[in-house]
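S.K.: The structure's right below; bear with me while I get my questions together.
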Amino acid sequence: MAKYYRGPDGVSLGRIGNKVTYIRLGKIVTRTIGVVTSWSPLQKEVQMRMKLVGEFLKPVKDVLEIGFKNAEKPDQTWSNHNLAVSLNTPQAIKGTYPNLELDYSKLVLSKGTIPQPKNLKTELNNDAIKFSWDADLQADDADADDQLMCVVYFPEKNQAFKVISGAKRTARELLFKLPTFKKKLKIETFVCFVSDDHKNVSDTVYGGQLIWDNNSNHELPAKPSTVATTAINQIAEFAIAATTATQSREKARHEPRLLFWEREPQKEFLKFVTYKTKEKVFTETIGNLLSAQWAQEIQPVDTLLEFGFNDPIFDRMATPWE
Amino acid sequence: MGIIRKNSALGNIRGGVGGIVLKGWRKLQVVSSRPAKSLKKGEKKSEELSPQSKRLTLVTKLLSQFTTELKVGFYSKNSDLPAFQTAVQFAVNHALTEIDSVYAVDYEKLIFSKGRLDIPWSTSLMALGEGIVRLTWEVPPTSKIKLTGNDKAQVIIYSKTHDRKVGIPRRPPSERRLLGMEMRLSNYYLGDELHFWMFFAKPDGTDVSDTEYLGSLTLN
């Protein structure tokens with residue numbers, strides 16, 4: 001049953017027979033309802049193109065919302081996603097049907113007037129991706145507060161990591177920590193700059209394809225060195241101390257931070273969360289402890305805020321693993 | 001297919017009456033015609049199932065054991081298909097292999113959920129002995145752990161040896177922020193080949209992650 005919209009002489013909204021009328025993004029649209037059982041080869045090609053682009057854009061939706069926020073659109077009813085599909089469907093697909101595939105180097109995730117990252121380099125070192133670029137502050141519209149927005153995409157899993165507000169333009173590099181994958185994986189990288197107020201962006205720059213391979217040098221040392229063992233023992237002491245300091249822990253203003261992890265011959269992982277009080281540094285383990293000395297059960301902290309080796313307090317402990 | 005309203009002349013009758021069948025379908029009482037005969041008159045019944053029947057039999061037999069997990073994993077208010085049918089459709093299209101008209105399930109491609117949450121990254125699976133299995137996962141630096149830390153892990157275990165779902169007695173805490181869980185499985189499955197999958201679901205059940213196949217192991 002259809003309902004009249006804007007008075008009795010207005011448009012009828014709803015279903016009449018095999019047609020349905022509705023408002024989509026401010027426009028009144030009518031379409032037929034029916035079941036299509038066969039498609040022409042050309043239709044199938046278009047469907048495949050849309051599927052390839054649509055699947056890629058799905059996990060990077062947050063980035064599109066900023067990347068095309070102020071981009072010029074043909075019509076006010078176009079969403080950011082519409083524009084992304086429109087820009088990528090013809091140009092970012094290579095091959096002939098049915099062997100179509102995405103051309104990652106031509107994908108567009110943002111469009112704006114800020115200068116692009118200049119001389120971008122991406123490297124995979126151990127288990128982190130290092131993005132580096134030139135600040136290029138003398139370029140028009142370049143601002144020292146511009147931040148790097150990056151997408152790390154895994155085609156085999158159709159998943160992506162996104163950093164919306166990363167390092168500033170003047171930092172010249174960003175270290176992006178990856179989980180420790182067990183299998184060989186392809187990684188596609190994209191970056192652009194976003195202004196401090198998120199109102200403007202640069203065009204996308206393709207950072208290239210990286211290969212995560214456990215058989216290469218991404219493997220962490222299988223056995224801790226002597227220095228590392230010393231550091232582990234120190235952390236064990238912190239962990240034990242943490243169990244006896246529950247009350248002061250609750251009162252203290254703490255800053256949870258992942259300190260380090262170490263791969264064991266049995267492929268087990270240790271994870272530590274350290275947090276600071278005014279008097280002392282405490283470390284708690286998450287997961288399973290390495291030795292009997294650490295087998296004391298400790299409740300994990302509520303939040304796990306940051307990953308990385310950046311805390312200067314633990315520089316000497318982190319060194320053996322780098 | 002007709003829908004029976006309340007206080008109908010048919011009352012609470014269920015089953016076949018003449019050429020029609022009264023039955024329940026998704027909280028509705030409905031009436032439908034009897035299914036048509038699959039064979040024409042004089043046609044001999046084939047001993048072998050048709051390829052489509054083989055595929056559906058294989059998939060529905062496996063997935064029907066996991067309806068609870070599928071209702072969480074494929075929860076959607078707007079979907080045209082119910083959760084179970086969505087899972088069957090995907091499995092038939094993507095998770096079957098065929099060699100000389102013999103179909104087999106590709107366990108790695110089987111999914112029990114589809115959604116927008118972060119998947120369990122870098123999972124590992126280990127049998128610790130005495131029926132204890134440990135699985136771990138990682139949280140990527142880009143994940144907002146304050147928001148996602150309370151996501152519940154849904155672990156799905158299937159014994160290929162016994163061809164049945166493996167329950168987890170005394171289910172341990174399984175929030176994403178714990179980065180792992182240990183579970184003791186029944187001794188009944190010792191020596192079995194077990195397959196493991198997992199996904200995360202929001203505590204209110206409104207969104208889930210895609211399914212991650214953790215691998216298989218022999219329980220010891």
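Chain identifiers are assigned as A, B, and so on, following the order in which chains appear in the structure tokens; residues are numbered from 1 within each chain, and ligands are numbered from 1 in order of appearance.
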Contacts from chain B to chain A, 7 Å maximum, only C-alpha atoms: show me the residue list as a ChimeraX atom specification.

M.R.: /B:121-122,138,140-142,145-146,178-180

S.K.: To test your reading of the structure, identify every residue in stretch 12-212 of chain B that backbone DSSP assigns to alpha helix (DSSP H), and report it as an MDAnalysis selection string.

M.R.: chainID B and resid 51:63 67:73 83:94 145:148

S.K.: Give me a file of those residues, with C-alpha atoms, as a short mmCIF file (atom, residue, chain, number, x, y, z; two decimals), in the first residue's frame.

M.R.:
data_model
loop_
_atom_site.label_atom_id
_atom_site.label_comp_id
_atom_site.auth_asym_id
_atom_site.auth_seq_id
_atom_site.Cartn_x
_atom_site.Cartn_y
_atom_site.Cartn_z
CA PRO B 51 24.63 -32.89 -6.88
CA GLN B 52 22.60 -30.10 -5.29
CA SER B 53 21.05 -32.52 -2.80
CA LYS B 54 24.47 -33.87 -1.95
CA ARG B 55 25.80 -30.37 -1.30
CA LEU B 56 22.83 -29.34 0.82
CA THR B 57 22.83 -32.58 2.81
CA LEU B 58 26.51 -32.21 3.61
CA VAL B 59 26.29 -28.57 4.63
CA THR B 60 23.01 -28.65 6.57
CA LYS B 61 24.07 -31.74 8.50
CA LEU B 62 27.19 -29.93 9.66
CA LEU B 63 25.73 -26.47 10.27
CA THR B 67 22.40 -22.91 15.17
CA THR B 68 23.02 -21.09 18.48
CA GLU B 69 26.31 -19.66 17.21
CA LEU B 70 24.85 -18.87 13.79
CA LYS B 71 22.03 -16.85 15.34
CA VAL B 72 24.67 -14.64 16.98
CA GLY B 73 27.02 -14.58 14.00
CA ALA B 83 20.82 -16.80 9.93
CA PHE B 84 20.91 -20.50 9.17
CA GLN B 85 20.00 -20.08 5.53
CA THR B 86 22.62 -17.33 5.12
CA ALA B 87 25.28 -19.67 6.50
CA VAL B 88 24.14 -22.55 4.28
CA GLN B 89 24.12 -20.31 1.21
CA PHE B 90 27.67 -19.15 1.86
CA ALA B 91 28.94 -22.64 2.63
CA VAL B 92 27.40 -24.17 -0.49
CA ASN B 93 28.85 -21.43 -2.67
CA HIS B 94 32.31 -21.09 -1.13
CA ILE B 145 40.48 -1.49 23.13
CA LYS B 146 38.32 0.63 25.44
CA LEU B 147 35.43 0.03 23.07
CA THR B 148 36.24 -3.47 21.90
#

S.K.: Mind giving me the straight-line distance from atom CA of A:Ile211 to atom CA of A:Lys118 in Å, one decimal?

M.R.: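 Atom CA of A:Lys118 lies at a distance of 23.0 Å from atom CA of A:Ile211.
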
S.K.: Identify, on the basis of only C-alpha atoms, every residue whose closest approach to stretch 129-133 of chain A does not exceed 8 Å; exclude the query and any residue fewer than 6 positions from it along the same chain; express the result as a PDB file with C-alpha atoms, in the first residue's frame.

M.R.:
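Wrote selection-v6.pdb, looks like this:
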ATOM      1  CA  PRO A 117      53.432  13.061   1.222  1.00  0.00           C
ATOM      2  CA  LYS A 118      56.608  13.649  -0.795  1.00  0.00           C
ATOM      3  CA  ASN A 119      59.179  10.885  -1.376  1.00  0.00           C
ATOM      4  CA  LEU A 120      57.140   8.348   0.539  1.00  0.00           C
ATOM      5  CA  LYS A 121      58.981   5.178   1.546  1.00  0.00           C
ATOM      6  CA  THR A 122      57.486   2.112   3.208  1.00  0.00           C
ATOM      7  CA  GLU A 123      59.566  -0.619   4.776  1.00  0.00           C
ATOM      8  CA  ARG A 172      58.802  12.568   8.915  1.00  0.00           C
ATOM      9  CA  GLU A 173      58.137   8.989   9.925  1.00  0.00           C
ATOM     10  CA  LEU A 174      55.527   6.704  11.451  1.00  0.00           C
ATOM     11  CA  LEU A 175      56.123   3.246  12.860  1.00  0.00           C
ATOM     12  CA  PHE A 176      53.082   1.020  12.475  1.00  0.00           C
ATOM     13  CA  LYS A 177      53.137  -2.080  14.663  1.00  0.00           C
ATOM     14  CA  LEU A 178      51.632  -5.238  13.169  1.00  0.00           C
TER      15      LEU A 178
END

S.K.: For the atom pair atom CA of B:Gly2 and atom CA of A:Thr32, what is the interatomic distance in Å to one decimal place?

M.R.: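 Here the two named atoms are 24.6 Å from each other.
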
S.K.: Which residues are close to B:Gly191, i.e. within 12 Å by only C-alpha atoms, leaving aside same-chain residues fewer than 3 positions away? Reply as number ranges by chain.

M.R.: B: 127, 129-131, 159-162, 185-188, 194, 217-220

S.K.: Any chance you could export the current selection's N, CA and C atoms as a short mmCIF file (atom, residue, chain, number, x, y, z; two decimals), in the first residue's frame?

M.R.:
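Output below, filename again-v7.cif:
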data_model
loop_
_atom_site.label_atom_id
_atom_site.label_comp_id
_atom_site.auth_asym_id
_atom_site.auth_seq_id
_atom_site.Cartn_x
_atom_site.Cartn_y
_atom_site.Cartn_z
N ALA B 127 47.29 -27.67 22.01
CA ALA B 127 46.77 -28.69 22.93
C ALA B 127 47.79 -28.85 24.05
N GLY B 129 47.46 -30.99 26.67
CA GLY B 129 47.35 -32.28 27.35
C GLY B 129 46.19 -32.30 28.32
N GLU B 130 45.74 -33.50 28.66
CA GLU B 130 44.60 -33.71 29.57
C GLU B 130 43.35 -33.00 29.08
N GLY B 131 43.21 -32.90 27.79
CA GLY B 131 42.00 -32.31 27.21
C GLY B 131 41.95 -30.80 27.27
N SER B 159 34.16 -31.86 16.08
CA SER B 159 34.94 -33.10 16.06
C SER B 159 34.66 -33.82 14.76
N LYS B 160 35.67 -33.90 13.91
CA LYS B 160 35.49 -34.58 12.63
C LYS B 160 35.37 -36.09 12.87
N THR B 161 36.06 -36.58 13.87
CA THR B 161 36.02 -38.02 14.17
C THR B 161 34.61 -38.47 14.53
N HIS B 162 33.98 -37.71 15.43
CA HIS B 162 32.63 -38.08 15.86
C HIS B 162 31.54 -37.38 15.06
N LEU B 185 38.24 -29.67 27.54
CA LEU B 185 37.19 -30.36 26.79
C LEU B 185 36.97 -31.76 27.37
N SER B 186 35.84 -32.32 27.03
CA SER B 186 35.48 -33.63 27.58
C SER B 186 36.46 -34.70 27.12
N ASN B 187 36.74 -35.65 28.02
CA ASN B 187 37.64 -36.77 27.69
C ASN B 187 37.09 -37.62 26.55
N TYR B 188 35.81 -37.50 26.31
CA TYR B 188 35.16 -38.25 25.23
C TYR B 188 35.84 -37.97 23.89
N LEU B 194 39.95 -32.27 15.89
CA LEU B 194 39.04 -31.16 16.17
C LEU B 194 39.36 -29.96 15.28
N LEU B 217 43.50 -29.69 15.41
CA LEU B 217 44.49 -30.39 16.23
C LEU B 217 43.89 -31.70 16.73
N THR B 218 44.75 -32.57 17.18
CA THR B 218 44.30 -33.83 17.79
C THR B 218 44.34 -33.65 19.29
N LEU B 219 43.22 -33.86 19.92
CA LEU B 219 43.13 -33.61 21.36
C LEU B 219 43.89 -34.69 22.11
N ASN B 220 44.75 -34.24 23.02
CA ASN B 220 45.48 -35.25 23.83
C ASN B 220 45.36 -34.91 25.30
#
